[in-house]
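Undergrad: To start, I am sharing the structure in question, which I have written as C-alpha cells.
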Amino acid sequence: MPGQADHQAHFDEVIARHDRIEPRDWMPDAYRRTLVRQIAQHAHSEIIGMQPEGNWISRAPSLRRKAILLAKVQDEAGHGLYLYSAAETLGVSRDDLVAMLLSGKQKYSSIFNYPTLSYADVGTIGWLVDGAAICNQVPLCRTSYGPYGRAMIRICKEESFHQRQGYELLMTMMRGTPEQRDMVQESVNRFWWPSLMMFGPPDESSPNTERSMAWGIKRNSNDDLRQKFVDMTVPQAQALGVSLPDPSLTWNADRGQHDFGQPDWDELFAVIRGDGPCNTQRLAHRRRAHEDGAWVREAASAFAAQEEPGHG
Amino acid sequence: MNDDLFGGDSSQWAFGTDFEDPLAGVDTTMVDDVVADDLALYCLGLADDALIMSQRLSEWCSRAPEMEDDVALANLALDLLGQARLLLARAAAASPSVVPVLPEGSPVPPEDALAFFRSAGQFRNVRLAEVPGGDFAHVIVRLLLFSVARRELLERLRGSRDQVLAAVAARGVKEVSYHRDWSARWFLVLARGTGESRRRLISALDELWPYQAELVRCGAVDLALADAGVGVDPTTYAGAVDAVLGEVFATSGVERPSRGPLAGVGGRLGRDGVHTEALSLLLAEMQVVARAHPRGRW
Ligand SMILES: [Fe+2]
Ligand SMILES: [Fe+2]
C-alpha cells in the first residue's frame with residue numbers, strides 16, 4: 001500500500017503536468033477543502049444570481065425578451081445544479097451546502113447584492129456581469145479538478161450566449177428612443193464598477209490566490225483577469241455608443257493595455273460583510289423559498305419511500 | 001450587431017433561447033368562409049389562456065421547492081409563452097382591427113401590441129389562468145385542470161382547416177401532454193405524500209374547481225368556428241376531460257369536489273372579457289415597461 005509521501009508525489013506530478021485530479025484520486029485535505037469552498041460559492045452564486053434578473057421576468061417588455069430572460073434565468077438554475085453535483089464528488093452533499101448558504105457560512109458573488117432598477121439592467125448584466133464571469137471562468141475549464149473543469153466547459157458555453165444576448169438587448173435599445181438610450185447609459189454607469197469588483201481584491205491583498213494558483217485550481221490572478229476584461233469591454237462599449245464611468249480609463253500604448261481606475265474597495269468589503277444594498281433581501285428570498293418548499297420535499301420523499309420495492 | 005467583437009460562431013447566437021420559426025413552410029392563407037373577426041377572437045382566447053398561465057407560472061422562478069422544479073416550471077412557462085406568441089400573431093393576421101393602435105412609427109410588432117397594450121376587458125382568457133398564485137399545491141392543481149382541457153382541445157385542433165392553427169396545435173399537443181403528465185404525477189405525490197401535502201392539495205382543488213367548467217364551455221365564437229371546421233366545440237371534449245380528471249382523482253384517492261361552476265357577470269365569463277379583480281393587477285405589472293415606451297425597441 002502506497003504511503004502518504006507516494007500519494008503526495010503522485011498528486012504533485014499530476015498538477016505539474018497540468019493534468020486532472022479525479023474524484024477517486026488521492027488529494028490533500030486542504031486542496032479538497034479549497035475546492036469545496038470555491039465550487040460551492042460558485043454554485044450559490046448561480047442560484048442567488050437568478051434573483052436580480054428574475055425580478056424583471058414579469059415585466060419584460062416584449063414576448064421575445066420575456067422568453068429569452070426566462071430561459072436565461074433557467075440556465076442559471078441549471079448551472080447551480082451542475083456545480084452542486086461537481087461539489088458532491090468531493091464528498092459533501094447539496095443539502096449541506098445549501099444549508100451553509102442559508103446560514104451565511106458560505107458566500108456567493110457580491111455582484112448579486114446590487115439591485116436591478118430598469119430593464120436595461122437585464123442587458124447590462126448579460127454584457128458586463130456574464131462577461132466578467134466568462135473571463136473568470138474560461139481559465140477554470142482547465143482547472144486541475146476534473147468534474148469542476150468539465151462543468152465549467154458547459155457553463156462557459158451558456159454564459160457566452162447570455163453575454164451576447166445581453167449585448168444584443170442593449171444594442172437594440174440604443175437604436176430605440178432617447179429615453180431608452182439614457183436608460184442604457186445609466187445602467188452601465190451603475191454596473192461598471194461592481195463588474196470590475198467581480199475579479200476580487202487586488203492581488204496584493206488576495207490571500208488565497210497564490211496557493212490556489214500553485215494547485216492549478218486558479219489559473220490567472222485577479223488583476224490579470226480584470227485587465228483582460230477591461231481590454232475586451234472598451235471596444236464593445238464604443239460599438240454600443242456608451243461611455244464607461246472612469247475618467248482615468250485610457251489606452252496605454254507602451255503596455256498595449258488600458259490604464260483604468262480602481263473600484264471603491266471599501267464598498268466591496270462592505271458588500272462582502274453583508275452590508276450591500278440587497279444582501280438581506282437575497283438571502284431572505286432564498287430562505288423563504290427553501291422553507292416554503294419544505295412540505296413539498298417531505299411529501300416527495302414520503303411518496304418515494306412508499307414506492308420503493310418491497311414496501312407495503 | 002457587430003459579431004466579430006465576440007468572435008465565435010454567430011450562428012449559435014441565440015441557441016436554445018430564441019424562437020426558431022415554428023411556422024416555416026406552413027400555409028398562412030386564411031380560410032375564406034370564416035368571419036375574420038371570429039377567427040381573431042378565437043385565436044385571442046387560446047393565446048390569452050397560454051399567456052396568462054405562463055405569466056403566473058413564471059412567478060415561480062427562483063421560488064420552487066427544489067432547483068429541479070424551478071427548471072421544470074420555467075420550461076412549462078416557456079412552452080406556453082411560445083404558443084401565445086404564435087396565436088397572437090395569428091389573431092393579428094386574421095383581423096388587424098383587434099390590434100391596439102400605437103403611435104405613428106412605433107416599431108412594436110402586432111403580437112406585442114396585443115400582449116402589452118390591451119386592457120383587462122379585452123383579454124379573453126379563462127379566469128382560472130389569472131387567479132393569484134398560492135402554494136405549490138395551487139400551481140399543481142391549476143396546471144392539471146388547465147392542461148387536461150388544453151391537451152384535448154389541441155389534439156382536436158390539429159385537424160383545423162386553418163393551417164397555422166393546425167401547426168400550432170400539432171406542436172402544442174406534445175408540450176401540453178407533458179404538462180398534464182407532470183402535474184398529474186405531482187397531484188398523486190401530494191395526495192399520497194404526507195397529511196400536510198394532502199390537506200394543501202385538497203384545499204387548492206376546492207378553491208380552483210369552480211373555475212374548471214369555464215374551460216369546456218362553448219361560446220358563440222367557438223361554435224361558429226367549429227361549424228367551419230376551423231375551431232373545436234369544447235363540449236365535444238368535455239367528456240374526455242372529465243374522464244382524465246376522474247382517473248387522476250381515483251388514482252390519488254381524492255374525491256371530486258362538489259362545488260358548482262363559478263357564475264359569470266350577467267352571464268359573461270373570461271372569454272367575454274369579464275374577469276376577476278386579479279387580471280388588471282397582473283397586467284399592470286406585465287405591461288408597465290412596454291406601455292411606458294410605446295415607441296420603444298426591445
Ligand atoms: Fe451561470
Ligand atoms: Fe449567465
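Each chain in the C-alpha cells gets a letter, A, B and so on, in the order shown; residues start at 1 in every chain, and ligands are counted from 1 in the order they appear.
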So which residues touch range 71-83 of chain A within 6 Å, counting only C-alpha atoms, skipping near sequence neighbours fewer than 6 positions away, as a PDB file with N, CA, C and O atoms, in the first residue's frame?
TA:
```pdb
ATOM      1  N   ALA A  43     -21.594  27.719  -7.073  1.00  0.00           N
ATOM      2  CA  ALA A  43     -22.965  27.194  -7.213  1.00  0.00           C
ATOM      3  C   ALA A  43     -23.963  28.147  -6.551  1.00  0.00           C
ATOM      4  O   ALA A  43     -25.009  28.471  -7.129  1.00  0.00           O
ATOM      5  N   GLU A  46     -24.745  31.101  -8.698  1.00  0.00           N
ATOM      6  CA  GLU A  46     -25.683  30.836  -9.791  1.00  0.00           C
ATOM      7  C   GLU A  46     -27.118  30.909  -9.273  1.00  0.00           C
ATOM      8  O   GLU A  46     -27.995  31.487  -9.920  1.00  0.00           O
ATOM      9  N   ILE A  47     -27.334  30.324  -8.110  1.00  0.00           N
ATOM     10  CA  ILE A  47     -28.702  30.249  -7.581  1.00  0.00           C
ATOM     11  C   ILE A  47     -29.182  31.625  -7.100  1.00  0.00           C
ATOM     12  O   ILE A  47     -30.282  32.056  -7.415  1.00  0.00           O
ATOM     13  N   MET A  50     -30.073  34.159  -9.830  1.00  0.00           N
ATOM     14  CA  MET A  50     -31.362  34.118 -10.529  1.00  0.00           C
ATOM     15  C   MET A  50     -32.239  35.307 -10.128  1.00  0.00           C
ATOM     16  O   MET A  50     -33.113  35.720 -10.888  1.00  0.00           O
TER      17      MET A  50
ATOM     18  N   THR B  17     -32.472  29.608 -26.892  1.00  0.00           N
ATOM     19  CA  THR B  17     -33.227  30.566 -26.112  1.00  0.00           C
ATOM     20  C   THR B  17     -34.098  31.457 -26.978  1.00  0.00           C
ATOM     21  O   THR B  17     -34.977  32.130 -26.486  1.00  0.00           O
ATOM     22  N   VAL B  71     -36.439  24.570 -12.705  1.00  0.00           N
ATOM     23  CA  VAL B  71     -36.157  24.386 -14.124  1.00  0.00           C
ATOM     24  C   VAL B  71     -37.411  23.894 -14.852  1.00  0.00           C
ATOM     25  O   VAL B  71     -37.765  24.390 -15.928  1.00  0.00           O
TER      26      VAL B  71
END
```
Undergrad: Can you tell me which residues come within 6 Å of ligand 2 when counting only C-alpha atoms and all ligand atoms, ideally as a short mmCIF file (atom, residue, chain, number, x, y, z; two decimals) with C-alpha atoms, in the first residue's frame?
TA:
```
data_model
loop_
_atom_site.label_atom_id
_atom_site.label_comp_id
_atom_site.auth_asym_id
_atom_site.auth_seq_id
_atom_site.Cartn_x
_atom_site.Cartn_y
_atom_site.Cartn_z
CA GLU A 76 -28.57 29.76 -14.13
CA ASP A 130 -21.84 37.44 -17.54
CA GLU A 159 -22.59 32.17 -20.29
CA HIS A 162 -26.01 35.17 -22.13
#
```
Undergrad: Return the neighbours of chain A among the residues of chain B, cut-off 6 Å, counting only C-alpha atoms, as a PyMOL selection string.
TA: chain B and resi 17+63+65+71+112+189+193-194+285-286+289-290+296-298
Undergrad: Name the residues of range 50-266 of chain A that fall into strand (DSSP E) according to DSSP on the backbone, using the chain letters and numbers of this document, as a list of chain:residue names.
TA: A:Thr250, A:Trp251, A:Asn252, A:Gln257, A:His258, A:Asp259
Undergrad: For ligand 1, which residue out of A:Ala16, A:Gly200, A:Pro28, A:Lys157 is the nearest one, using only C-alpha atoms and all ligand atoms?
TA: A:Lys157
Undergrad: List the spatial neighbours of Asp21 in chain B as a ChimeraX atom specification - criterion: any atom at most 12 Å away, only C-alpha atoms, same-chain residues fewer than 4 positions off excluded.
TA: /B:25-26,82,85-86,167-168
Undergrad: Could you save those same residues with all heavy atoms as a PDB file, in the first residue's frame?
TA:
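Saved to part_9.pdb:
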```
ATOM      1  N   GLY B  25     -42.658  27.031 -43.622  1.00  0.00           N
ATOM      2  CA  GLY B  25     -43.259  26.068 -44.552  1.00  0.00           C
ATOM      3  C   GLY B  25     -44.763  25.861 -44.372  1.00  0.00           C
ATOM      4  O   GLY B  25     -45.371  25.095 -45.115  1.00  0.00           O
ATOM      5  N   VAL B  26     -45.362  26.528 -43.371  1.00  0.00           N
ATOM      6  CA  VAL B  26     -46.804  26.350 -43.163  1.00  0.00           C
ATOM      7  C   VAL B  26     -47.580  27.344 -44.028  1.00  0.00           C
ATOM      8  O   VAL B  26     -47.185  28.511 -44.147  1.00  0.00           O
ATOM      9  CB  VAL B  26     -47.155  26.553 -41.666  1.00  0.00           C
ATOM     10  CG1 VAL B  26     -48.659  26.544 -41.459  1.00  0.00           C
ATOM     11  CG2 VAL B  26     -46.478  25.489 -40.822  1.00  0.00           C
ATOM     12  N   GLY B  82     -44.482  30.495 -25.885  1.00  0.00           N
ATOM     13  CA  GLY B  82     -44.289  30.252 -27.317  1.00  0.00           C
ATOM     14  C   GLY B  82     -45.627  30.073 -28.028  1.00  0.00           C
ATOM     15  O   GLY B  82     -45.853  30.630 -29.109  1.00  0.00           O
ATOM     16  N   ARG B  85     -47.397  33.441 -28.333  1.00  0.00           N
ATOM     17  CA  ARG B  85     -46.826  34.355 -29.319  1.00  0.00           C
ATOM     18  C   ARG B  85     -47.340  34.031 -30.728  1.00  0.00           C
ATOM     19  O   ARG B  85     -47.712  34.928 -31.489  1.00  0.00           O
ATOM     20  CB  ARG B  85     -45.310  34.256 -29.267  1.00  0.00           C
ATOM     21  CG  ARG B  85     -44.637  35.376 -30.013  1.00  0.00           C
ATOM     22  CD  ARG B  85     -43.131  35.203 -29.960  1.00  0.00           C
ATOM     23  NE  ARG B  85     -42.481  36.378 -30.506  1.00  0.00           N
ATOM     24  CZ  ARG B  85     -41.352  36.329 -31.223  1.00  0.00           C
ATOM     25  NH1 ARG B  85     -40.777  35.164 -31.463  1.00  0.00           N
ATOM     26  NH2 ARG B  85     -40.812  37.427 -31.684  1.00  0.00           N
ATOM     27  N   LEU B  86     -47.363  32.763 -31.066  1.00  0.00           N
ATOM     28  CA  LEU B  86     -47.842  32.358 -32.392  1.00  0.00           C
ATOM     29  C   LEU B  86     -49.323  32.676 -32.567  1.00  0.00           C
ATOM     30  O   LEU B  86     -49.765  33.122 -33.627  1.00  0.00           O
ATOM     31  CB  LEU B  86     -47.628  30.856 -32.581  1.00  0.00           C
ATOM     32  CG  LEU B  86     -46.172  30.402 -32.628  1.00  0.00           C
ATOM     33  CD1 LEU B  86     -46.099  28.877 -32.613  1.00  0.00           C
ATOM     34  CD2 LEU B  86     -45.498  30.956 -33.873  1.00  0.00           C
ATOM     35  N   ALA B 167     -50.882  23.762 -37.216  1.00  0.00           N
ATOM     36  CA  ALA B 167     -49.454  23.606 -36.903  1.00  0.00           C
ATOM     37  C   ALA B 167     -49.170  23.948 -35.439  1.00  0.00           C
ATOM     38  O   ALA B 167     -48.402  23.253 -34.759  1.00  0.00           O
ATOM     39  CB  ALA B 167     -48.624  24.503 -37.823  1.00  0.00           C
ATOM     40  N   VAL B 168     -49.792  25.009 -34.944  1.00  0.00           N
ATOM     41  CA  VAL B 168     -49.607  25.383 -33.533  1.00  0.00           C
ATOM     42  C   VAL B 168     -50.109  24.246 -32.639  1.00  0.00           C
ATOM     43  O   VAL B 168     -49.469  23.884 -31.642  1.00  0.00           O
ATOM     44  CB  VAL B 168     -50.362  26.694 -33.208  1.00  0.00           C
ATOM     45  CG1 VAL B 168     -50.365  26.966 -31.706  1.00  0.00           C
ATOM     46  CG2 VAL B 168     -49.745  27.861 -33.965  1.00  0.00           C
TER      47      VAL B 168
END
```
Undergrad: Give the answer as one residue: which of A:His42, A:Leu102, A:Met213, A:Ile272 has the shortest atom-to-atom distance to ligand 1, using only C-alpha atoms and all ligand atoms?
TA: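 When distances to ligand 1 are compared using only C-alpha atoms and all ligand atoms, the smallest one comes from A:His42.
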Undergrad: Using only C-alpha atoms, determine which residues lie at most 12 Å from range 279-281 of chain A, disregarding the query and same-chain residues fewer than 2 positions distant; provide the list as a ChimeraX atom specification.
TA: /A:48-49,51-52,102-104,107-115,270-277,283-288
Undergrad: Looking at only C-alpha atoms and all ligand atoms, which of A:Leu117, A:Met152, A:Met198, A:Ala86 is the one that sits closest to ligand 1?
TA: A:Met152
Undergrad: Please measure the separation of CA of Asn222 in chain A and CA of Thr209 in chain A, giving the value in Å to one decimal.
TA: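 Value for the CA of Asn222 in chain A-CA of Thr209 in chain A distance: 7.9 Å.
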Undergrad: Need the shell around Val188 in chain A: protein/DNA/RNA residues with any atom at most 8 Å away, counting only C-alpha atoms. Skip same-chain ones fewer than 5 positions apart. Format as a ChimeraX atom specification?
TA: /A:121,124,242,244
Undergrad: Quick one: of A:Glu53, A:Asp224, A:Asp231, A:Asp259, who's nearest to ligand 1, counting only C-alpha atoms and all ligand atoms?
TA: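 Checking each candidate against ligand 1, we get A:Glu53 as the closest.
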Undergrad: Which value, in Å to one decimal, gives the distance between CA of Ala133 in chain A and CA of Ile15 in chain A?
TA: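 Taking CA of Ala133 in chain A as the start and CA of Ile15 in chain A as the end point, the length is 24.4 Å.
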Undergrad: Could you pull the residues within 12 Å of Ser203 in chain B, counting only C-alpha atoms, minus those fewer than 3 positions along the same chain, as a ChimeraX atom specification?
TA: /B:134-138,140-141,190-191,196-200,206-209,254-255,257
Undergrad: May I have the residues within 12 Å of Ala240 in chain B as an mmCIF file with N, CA and C atoms, in the first residue's frame, using only C-alpha atoms and disregarding those fewer than 6 positions away in the same chain?
TA:
```cif
data_model
loop_
_atom_site.group_PDB
_atom_site.id
_atom_site.type_symbol
_atom_site.label_atom_id
_atom_site.label_comp_id
_atom_site.auth_asym_id
_atom_site.auth_seq_id
_atom_site.Cartn_x
_atom_site.Cartn_y
_atom_site.Cartn_z
ATOM 1 N N VAL B 148 -55.144 19.478 -18.820
ATOM 2 C CA VAL B 148 -56.004 18.373 -19.259
ATOM 3 C C VAL B 148 -56.962 18.888 -20.348
ATOM 4 N N ALA B 149 -57.574 20.038 -20.111
ATOM 5 C CA ALA B 149 -58.516 20.579 -21.099
ATOM 6 C C ALA B 149 -57.794 21.060 -22.353
ATOM 7 N N ARG B 150 -56.652 21.733 -22.166
ATOM 8 C CA ARG B 150 -55.956 22.270 -23.342
ATOM 9 C C ARG B 150 -55.421 21.143 -24.224
ATOM 10 N N ARG B 151 -55.002 20.068 -23.605
ATOM 11 C CA ARG B 151 -54.499 18.951 -24.400
ATOM 12 C C ARG B 151 -55.599 18.367 -25.284
ATOM 13 N N GLU B 152 -56.779 18.193 -24.732
ATOM 14 C CA GLU B 152 -57.878 17.640 -25.527
ATOM 15 C C GLU B 152 -58.237 18.597 -26.668
ATOM 16 N N LEU B 153 -58.220 19.883 -26.364
ATOM 17 C CA LEU B 153 -58.509 20.883 -27.396
ATOM 18 C C LEU B 153 -57.469 20.823 -28.520
ATOM 19 N N GLU B 155 -55.392 18.536 -29.351
ATOM 20 C CA GLU B 155 -55.398 17.283 -30.094
ATOM 21 C C GLU B 155 -56.400 17.351 -31.251
ATOM 22 N N ARG B 156 -57.567 17.929 -30.962
ATOM 23 C CA ARG B 156 -58.602 18.023 -31.997
ATOM 24 C C ARG B 156 -58.337 19.161 -32.984
ATOM 25 N N VAL B 216 -64.429 24.222 -20.552
ATOM 26 C CA VAL B 216 -65.111 23.386 -21.546
ATOM 27 C C VAL B 216 -66.464 23.993 -21.946
ATOM 28 N N PRO B 234 -65.863 23.007 -27.515
ATOM 29 C CA PRO B 234 -65.376 22.384 -26.271
ATOM 30 C C PRO B 234 -66.304 21.300 -25.717
ATOM 31 N N GLY B 246 -61.161 12.322 -13.731
ATOM 32 C CA GLY B 246 -61.702 11.257 -12.889
ATOM 33 C C GLY B 246 -60.634 10.210 -12.574
ATOM 34 N N GLU B 247 -59.831 9.896 -13.586
ATOM 35 C CA GLU B 247 -58.789 8.895 -13.384
ATOM 36 C C GLU B 247 -57.715 9.407 -12.409
#
```
Undergrad: Nearest residue to Gln287 in chain B out of B:Leu262, B:Leu114, B:Ala166, B:Leu269, using only C-alpha atoms?
TA: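 Of B:Leu262, B:Leu114, B:Ala166, B:Leu269, the one nearest Gln287 in chain B is B:Leu114, counting only C-alpha atoms.
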Undergrad: Which residue out of A:Glu88, A:Pro245, A:Trp193, A:Phe269 has the minimum interatomic distance to Ser205 in chain A when only C-alpha atoms are used?
TA: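 Closest residue, counting only C-alpha atoms: A:Phe269.
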